[in-house]
Amino acid sequence: MEIVREGYTVSRLAKMAGVSVRTLHHYDEIGLLTPAARSDAGYRLYGEVYMLRLQQILFFRELDFPLDDIRLILDDADFDPLAALEEHRRLLHERAARIGRLLKTIDRTIAKLTENDMDDKVTDEEIYAGFTHEQRQRYEREVREQYDPELVAESNRRVGNMPKAQWQALQTEGEDVRLTLAGLMDREVADPEVQAAIARHYAMMNQFYPVSAEIYRGLGQLYITNDEFRAFYDKIRPGLADFLQPAMAYYADHTLVEE
């Protein structure tokens, strides 16, 4: 590897791109974004070509491409950066339209929750608003096939009896917890602030079904083994799923087992 004195350090590039240093180190380790130069002190240095490659990586991640697929695409001799950007633009416009529909659904739900029927129970249509009929059927089928039937039944019972106001509050809490954890990814999983946020996540999950230490540990494992769970969390911040799994396991091993 070439020794140079110019270029962006990993911390500078991470700050510019809005990702964590840990994420860039991971990209280096798997050969996705490996700098060709280091400083005299041995620090990674990234030039403009690597900044453009990182931009492509982040666009592909936003579109839920797995990291292995992104590496194969970018390393293909026939890869055309301009054509890729045009395709990114088209797909993001499609996603923006879908998000617009989801926002309208949220606005309608908020409007209903401010009316006098706030104690009405949340409906299936509201739970799955923004998803296609095919997606809804697939999710329900996968849940029945993969998870403990008793837990599934209990979760359906709780959600079915949940007032709309409680459902909306649960969605708001979930989003806040995920964003909080994404902002703590540079910490150790045992850090008190990380574990406090994980405790909020655990309390939120307990509103759906009873969560033992074993179940919570398994849920964290599911976040990294299930492609859709991984994509959901990594879309919030790349590497979030890999951060959540050990943080949840630590909580299960050090807090839940003592209860």
# chains A, B, ... in the order shown; residues from 1 in each chain; ligands from 1
>>> residues_around(residues="Glu193 of chain A", least_positions_apart="3", cutoff="8 Å", atoms="only C-alpha atoms", output="VMD selection string")
chain A and resid 184 196 to 197
>>> closest_residue(among="A:Gly47, A:Gly239, A:Pro35, A:Gly100", to="Asp186 of chain A", atoms="only C-alpha atoms")
A:Gly239
>>> atom_distance(atom1="atom CA of Arg217 of chain A", atom2="atom CA of Ala249 of chain A")
5.0 Å
>>> atom_distance(atom1="atom CA of Val19 of chain A", atom2="atom CA of Arg95 of chain A")
21.6 Å
>>> residues_around(residues="segment 60-71 of chain A", least_positions_apart="2", cutoff="7 Å", atoms="only C-alpha atoms", output="PyMOL selection string")
chain A and resi 32+56-58+73-75+231+235
>>> closest_residue(among="A:Ala182, A:Thr34, A:Gln195, A:His26", to="Asp253 of chain A", atoms="only C-alpha atoms")
A:Gln195
>>> residues_around(residues="Ala190 of chain A", least_positions_apart="4", cutoff="9 Å", atoms="only C-alpha atoms", output="list in words")
Val194, Gln195, Ala247, Tyr250 and Tyr251 of chain A
>>> closest_residue(among="A:Tyr223, A:Val177, A:Pro238, A:Ala213", to="Ala252 of chain A", atoms="only C-alpha atoms")
A:Ala213
>>> select_by_dssp(residues="segment 5-105 of chain A", states="alpha helix (DSSP H)", output="VMD selection string")
chain A and resid 10 to 17 21 to 29 48 to 62 67 to 75 81 to 105
